[in-house]
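Undergrad: Below is one structure. I have some questions about it.
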Amino acid sequence: MVQMQKGVSRTIWGLLCVGLLILVGCSPQTTSSGKTKLVVWGMQYGEESKGLEARVKEFERRHPNIEVSVLSMGAGGMNPQKLMTAIVGSVPPDVVQQDRFTIGDWASRETFLPLDSYLARDKDKPDGIRESDFFHACWAEATYTNPLNKSQGVYAIPYSTDDRALFYNKELFRQNREVFAEKGMLDEKGEPRPPKTWEELEYLAPKLTSKNPDGTYQRIGFIPNYGNCFLYIYSWANDGQFMSPDGRTCTMSAKPNAEALEYMTRIYDTLGGVTAVSAFQSGFQANELDPFLTGRVAMKIDGNWVVNSIARYKPDLDFAVAPAPVPAARLKREGRFKDVPDDYVTWAGGFSFVIPKGAKHPEEAWEFMKWMVSPDAALVDAAAQKAYNLTKERAYVPTIWANKRCNEAVFAKFAPESPRLRTAMDTFSGLMNHARYRPVTFVGQRLWDEHVRAFDNATHHETTGMTPQKALEEGSKVVQRELDMVFDSAQFKPLDTRIGVTLGVIAGVILLSLIVGMAIRVSRLRRNSRDEAVAGYFFVAPWLIGFVVLTAGPILVSLFLSFCQYDVLHPPKYVGLNNFSDLLGRDSYYLKTSLKNALYIAAIGIPLGITTSLAVAMLLNSKVKGMSFYRTFFYMPSIVPVVASALLWTWILNGDPNRGLLNSVWKASLGQWFGWGAPGWFGAAEWAKPGLILQGLWGAGSGMILWLAGLQGISPQLYEAADLDGAGWLAKFRNVTLPMLSPYIFFNLIMGTIGALQEFERVYVLAGGDPSAPIGPVDSLLVPVYYLFKNAFQYFKMGYASALAWILFMLILLLTVVQLKLAPRWVYYEGERK
């Protein structure tokens, strides 16, 4: 019970108080020299950011009264924990380099300062920021319109940007010229040209794919979701939209989006299925081993940053860039069938600068932002980065800036010297004028997650039975519920702060009464007993204080919050049982799926874990030479940190037979002998949970210690008596060893059940530490605590997460009580007397 209480309190209190750690990243407001210290999060100095370092130094030179402190802090992207807790704790940074995709969500929570007043004040100044200087997609993504009151504001200044296009290997194209000639895909010089339409791309994907003799892929022509494109770019190419113009309705299941997802699914099926493609894809690496650079992928839709990677790692690669293909009907509708950017679309992303609410130096932050997005800063950046690249004998490829004036200045002076690289960047720059961007909405993160889940469910249709239309409809319902919840939240009023104070006072009075009661009882003791009691309470006081503050306190707070709508950033709103009804009703899919996965891990993993650790313990209970070494050897894996272990097994269980250690052995043995295909492990829905269980068996050494102690505690006389009765080794194991070890089996059963329901760390590592990443194919590794974490720290639904924590607590309590009730029927304690 103590372990169960510790586990649940860790889950709850970890969510509510991890923000205290953010104070480590805080610093004084002024330096020892009297300068203003401007704290900037989300940026990091490194080999590829010498230009950033030069820009910051130049800003400090131009503003001698300001010292800039640049910290990464993991901020700016889709992991908002640190920034959220810093804002709540009134210790935010002055500037954050923030992913523009997240601006709408943060702005809706009033966490960023609106910048309209600064823009209006400085619009006529030489260094003023003007909307007309920026690409439309970049500026629009930094502007948020509140759908409740229609108020609009600019909450970020676009900084960098990127867009997507089709990369293709010209050498591979020439090697397969007959494939292009058959389809009439030759240019005026008789050379193979890139696909312009979906139909041409679908034709080339399997034609440019080749396989090894054993049936595994040697090269794939095109993978729809490899690179950086997702369903978004296909839907936009088909004139699809994901949100209504007023921001109140999710249109993810609209016909154009369903057609786009059906197209992606069809290509996967043509190639052999998403599971087989994912197994091949799991062996992909980055940098010089990028599969496009090594010829393992003929085409991919990816971002302009890949041009820089090619220039660095394989400058002699014969490649080119073209706009991503679109449906033929789109080109025909436009009335022309030629390769001009107007016919195509791209997807623009990138980062921006924001000023968090409560920033101590907003004026200095605004000056910093103006400088960082200016043409002069862009030139400083380009000059410094190019100079560094030359020292490493690397080509320099400028990035694309959100400010068009920056691009004009940089590309005029620092354009790539290679015609191939320059042409590629010209294509990307030209496409920016036709870029689309993700919807600016407070449900942007949920929309992203559900669009990824819909893709997953549709492409794994053999497992899920879902059509693309059905998968999108299910995802659209989830997003729409989130929208409706916010629009309907006006009926719930923020709780009066006096309620919280009153509850706190009541809890304090109860605690004080307990302390007074203990003091009275102690005072009535005799002197010697009283002195011993005082000393005992004194020594136990640190634990008691820690228990009240870090365990009992969070449990009570989470119970209160489970009946509230609470996002940490605003006062809680009392919603009654809504959180529980949502979890058990409209959102039951996630709870059922996560519990089903956890119970599968428990039902299979616990017996296997007990069997493995007991078997090892019985082997190590033998009296042979060198036993101390063997015991240490088998125990060592159990003390390896969870993160290191998870990363190690991610490599061992890699689904690619040519890269994964276990699959390489499988391919060389079972694959050759019997023709069995290697498992996909974490890349296949049916193998993901067995892979997690197999990883857990590696740490069987921790349980082995308990079993070894239990085996050595069995009296030899019992075995001698069994020998006299003529019992064999199996009979002795069944009638002597197991009954005497039943208390240990019972203990491991309870602890294993609790551990399975609290599984988190390994799944988090498998997701790459990114809450927005899919948790195994078709949610095959979604577990309750991870789902709790996503709701608390990604969607800011603390009340909902607290309700989930209490449901999990009650389930653990119920299972534990059932096990305790059943224990007398099969657990034997040697000291008991009947």
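Chain identifiers are assigned as A, B, and so on, following the order in which chains appear in the structure tokens; residues are numbered from 1 within each chain, and ligands are numbered from 1 in order of appearance.
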Would you please extract all strand (DSSP E or B) residues from stretch 79-132 of chain A, as assigned by DSSP on the backbone, and give them as a PyMOL selection string?
TA: chain A and resi 95-99+112
Undergrad: Can I get the selection written as a PDB file, in the first residue's frame, with N, CA and C atoms?
TA:
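Dumped to again.pdb:
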ATOM      1  N   VAL A  95      12.638  36.889 -23.361  1.00  0.00           N
ATOM      2  CA  VAL A  95      12.327  36.555 -24.754  1.00  0.00           C
ATOM      3  C   VAL A  95      12.374  35.045 -24.900  1.00  0.00           C
ATOM      4  N   VAL A  96      11.504  34.516 -25.735  1.00  0.00           N
ATOM      5  CA  VAL A  96      11.539  33.085 -26.057  1.00  0.00           C
ATOM      6  C   VAL A  96      11.500  32.937 -27.572  1.00  0.00           C
ATOM      7  N   GLN A  97      12.404  32.107 -28.092  1.00  0.00           N
ATOM      8  CA  GLN A  97      12.311  31.735 -29.498  1.00  0.00           C
ATOM      9  C   GLN A  97      11.320  30.579 -29.568  1.00  0.00           C
ATOM     10  N   GLN A  98      10.137  30.847 -30.074  1.00  0.00           N
ATOM     11  CA  GLN A  98       9.017  29.915 -29.981  1.00  0.00           C
ATOM     12  C   GLN A  98       8.602  29.397 -31.352  1.00  0.00           C
ATOM     13  N   ASP A  99       8.291  28.110 -31.418  1.00  0.00           N
ATOM     14  CA  ASP A  99       7.752  27.538 -32.647  1.00  0.00           C
ATOM     15  C   ASP A  99       6.442  28.262 -32.978  1.00  0.00           C
ATOM     16  N   PHE A 112       1.452  35.255 -23.594  1.00  0.00           N
ATOM     17  CA  PHE A 112       2.386  36.106 -24.320  1.00  0.00           C
ATOM     18  C   PHE A 112       1.820  37.517 -24.412  1.00  0.00           C
TER      19      PHE A 112
END
Undergrad: Which polymer residues have any atom within 8 Å of an atom of A:Glu48, counting only C-alpha atoms, with same-chain residues fewer than 3 positions away left out, as a list in words?
TA: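 Non-adjacent residues within range: Tyr45, Gly51 and Gln385 of chain A.
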Undergrad: Restricted to N, CA and C atoms, what would the selected residues look like written as an mmCIF file, in the first residue's frame?
TA:
data_model
loop_
_atom_site.group_PDB
_atom_site.id
_atom_site.type_symbol
_atom_site.label_atom_id
_atom_site.label_comp_id
_atom_site.auth_asym_id
_atom_site.auth_seq_id
_atom_site.Cartn_x
_atom_site.Cartn_y
_atom_site.Cartn_z
ATOM 1 N N TYR A 45 23.835 27.983 -28.530
ATOM 2 C CA TYR A 45 25.043 28.134 -29.328
ATOM 3 C C TYR A 45 25.591 26.754 -29.689
ATOM 4 N N GLY A 51 26.485 32.007 -36.508
ATOM 5 C CA GLY A 51 25.835 33.250 -36.908
ATOM 6 C C GLY A 51 24.968 33.811 -35.799
ATOM 7 N N GLN A 385 28.661 32.736 -40.060
ATOM 8 C CA GLN A 385 28.488 31.311 -40.312
ATOM 9 C C GLN A 385 29.297 30.860 -41.529
#
Undergrad: Neighbours of A:Ala322 within 8 Å (only C-alpha atoms; same-chain residues fewer than 2 positions away dropped), as number ranges by chain?
TA: A: 165-167, 194, 320, 324, 427
Undergrad: With N, CA, C and O atoms kept, could you save the residues just selected as a compact mmCIF listing (two decimals), in the first residue's frame?
TA:
# COMPACT_ATOMS: atom_id res chain seq x y z
N ALA A 165 9.56 20.85 -50.24
CA ALA A 165 9.53 20.57 -51.67
C ALA A 165 10.01 19.15 -51.89
O ALA A 165 10.42 18.46 -50.95
N LEU A 166 9.96 18.70 -53.12
CA LEU A 166 10.34 17.34 -53.46
C LEU A 166 11.82 17.27 -53.83
O LEU A 166 12.26 17.91 -54.79
N PHE A 167 12.58 16.52 -53.07
CA PHE A 167 13.97 16.22 -53.41
C PHE A 167 14.00 14.94 -54.25
O PHE A 167 13.31 13.97 -53.92
N PRO A 194 11.08 15.24 -62.83
CA PRO A 194 10.40 14.87 -61.58
C PRO A 194 8.89 14.80 -61.77
O PRO A 194 8.35 15.41 -62.71
N ALA A 320 18.15 17.36 -57.31
CA ALA A 320 17.45 18.59 -57.65
C ALA A 320 16.20 18.68 -56.79
O ALA A 320 15.81 17.71 -56.11
N ALA A 324 6.36 20.05 -54.58
CA ALA A 324 5.70 18.79 -54.25
C ALA A 324 4.55 18.55 -55.23
O ALA A 324 3.78 19.48 -55.53
N THR A 427 14.27 27.61 -55.61
CA THR A 427 12.97 26.94 -55.66
C THR A 427 12.24 27.08 -54.33
O THR A 427 11.05 27.41 -54.29
Undergrad: Env of A:Gln695: 10 Å cut, atoms = only C-alpha atoms, seq-sep filter 3 positions within chain, self excluded. Answer as number ranges by chain.
TA: A: 605, 645-646, 648-650, 652-653, 689-692, 698-700, 762
Undergrad: Those residues with C-alpha atoms, as a PDB file, in the first residue's frame please?
TA:
ATOM      1  CA  GLY A 605       5.126  -9.425 -18.463  1.00  0.00           C
ATOM      2  CA  SER A 645      18.336   0.834 -20.905  1.00  0.00           C
ATOM      3  CA  ALA A 646      15.479   2.079 -23.096  1.00  0.00           C
ATOM      4  CA  LEU A 648      19.959   0.481 -25.703  1.00  0.00           C
ATOM      5  CA  TRP A 649      16.942  -1.712 -26.395  1.00  0.00           C
ATOM      6  CA  THR A 650      15.646   0.702 -29.007  1.00  0.00           C
ATOM      7  CA  ILE A 652      18.678  -3.882 -30.154  1.00  0.00           C
ATOM      8  CA  LEU A 653      15.020  -4.130 -31.209  1.00  0.00           C
ATOM      9  CA  LYS A 689       4.177  -4.499 -26.449  1.00  0.00           C
ATOM     10  CA  PRO A 690       6.131  -7.789 -26.677  1.00  0.00           C
ATOM     11  CA  GLY A 691       9.195  -5.649 -27.357  1.00  0.00           C
ATOM     12  CA  LEU A 692       8.546  -3.639 -24.194  1.00  0.00           C
ATOM     13  CA  TRP A 698      16.650  -7.699 -19.084  1.00  0.00           C
ATOM     14  CA  GLY A 699      16.270  -6.238 -15.594  1.00  0.00           C
ATOM     15  CA  ALA A 700      15.212  -9.520 -14.010  1.00  0.00           C
ATOM     16  CA  ARG A 762      10.405   3.614 -21.032  1.00  0.00           C
TER      17      ARG A 762
END
Undergrad: For A:Leu595, list every protein, DNA or RNA residue within 9 Å, evaluated using only C-alpha atoms, and leave out those in the same chain fewer than 3 positions away; present the list as JSON, numbers by chain.
TA: {"A": [590, 591, 592, 598, 599, 600, 757, 782, 783, 784]}
Undergrad: Just the selected residues (C-alpha atoms), exported as a tab-separated table (two decimals), in the first residue's frame, please.
TA:
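Contents of selection-v9.tsv, as written:
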chain	number	residue	atom	x	y	z
A	590	TYR	CA	-7.98	6.56	-24.68
A	591	LEU	CA	-8.66	5.20	-21.20
A	592	LYS	CA	-9.66	1.78	-22.54
A	598	ALA	CA	-1.08	-1.80	-19.36
A	599	LEU	CA	-3.03	-4.95	-18.48
A	600	TYR	CA	-1.48	-6.78	-21.46
A	757	LEU	CA	-0.15	0.42	-14.45
A	782	LEU	CA	-0.18	4.25	-24.99
A	783	VAL	CA	-0.28	3.67	-21.22
A	784	PRO	CA	-2.34	5.47	-18.53
Undergrad: Please report, as a ChimeraX atom specification, each residue of stretch 75-212 of chain A to which DSSP assigns helix (DSSP H, G or I) when run on this structure's backbone.
TA: /A:81-88,100-108,116-122,131-133,136-141,170-175,177-183,198-207
Undergrad: Could you check the closest approach to A:Ala471 for each of A:Trp371, A:Trp806, A:Phe455, A:Phe280 and tell me which residue wins, using only C-alpha atoms?
TA: A:Phe455
Undergrad: Do you have, as a Markdown table, the list of residues of stretch 154-220 of chain A lying at most 12 Å from stretch 302-316 of chain A, each with its nearest atom pair and that distance in Å to one decimal, counting only C-alpha atoms and ordered by chain then number?
TA:
| residue | atom | partner | partner_atom | distance |
| --- | --- | --- | --- | --- |
| A:Ser160 | CA | A:Trp305 | CA | 11.5 |
| A:Thr161 | CA | A:Asn304 | CA | 9.4 |
| A:Asp162 | CA | A:Asn304 | CA | 6.2 |
| A:Asp163 | CA | A:Gly303 | CA | 5.4 |
| A:Arg164 | CA | A:Gly303 | CA | 4.3 |
| A:Ala165 | CA | A:Asp302 | CA | 5.8 |
| A:Leu166 | CA | A:Asp302 | CA | 6.5 |
| A:Phe167 | CA | A:Asp302 | CA | 7.0 |
| A:Tyr168 | CA | A:Asp302 | CA | 10.5 |
| A:Asn169 | CA | A:Asp316 | CA | 11.6 |
| A:Lys170 | CA | A:Asp316 | CA | 11.8 |
| A:Glu171 | CA | A:Asp316 | CA | 11.2 |
Undergrad: With distances taken over only C-alpha atoms, which residue among A:Gly272, A:Gly465, A:Gly350, A:Gly46 lies nearest A:Asn403?
TA: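 Of A:Gly272, A:Gly465, A:Gly350, A:Gly46, the one nearest A:Asn403 is A:Gly350, counting only C-alpha atoms.
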Undergrad: Go through A:Met810, A:Lys300, A:Val549, A:Tyr203 one by one, measure the shortest atom-to-atom distance of each to A:Met185 using only C-alpha atoms, and give the residue with the smallest value.
TA: A:Tyr203
Undergrad: Would you please work out which residue, of A:Asp94, A:Asp656, A:Glu47, A:Glu191, is nearest to A:Lys360 when using only C-alpha atoms?
TA: A:Asp94
Undergrad: Residues at most 12 Å from A:Gly430, counting only C-alpha atoms, excluding those fewer than 3 positions away in the same chain, as a list of chain:residue names?
TA: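 Surrounding residues, per the criterion: A:Phe135, A:Asp162, A:Asp163, A:Arg164, A:Ala165, A:Asn304, A:Val321, A:Ala322, A:Pro323, A:Val340, A:Pro341, A:Asp342, A:Tyr344, A:Val345, A:Thr346, A:Ile400, A:Lys404, A:Asn407, A:Thr423, A:Ala424, A:Met425, A:Asp426, A:Thr427, A:Asn433, A:His434, A:Ala435.
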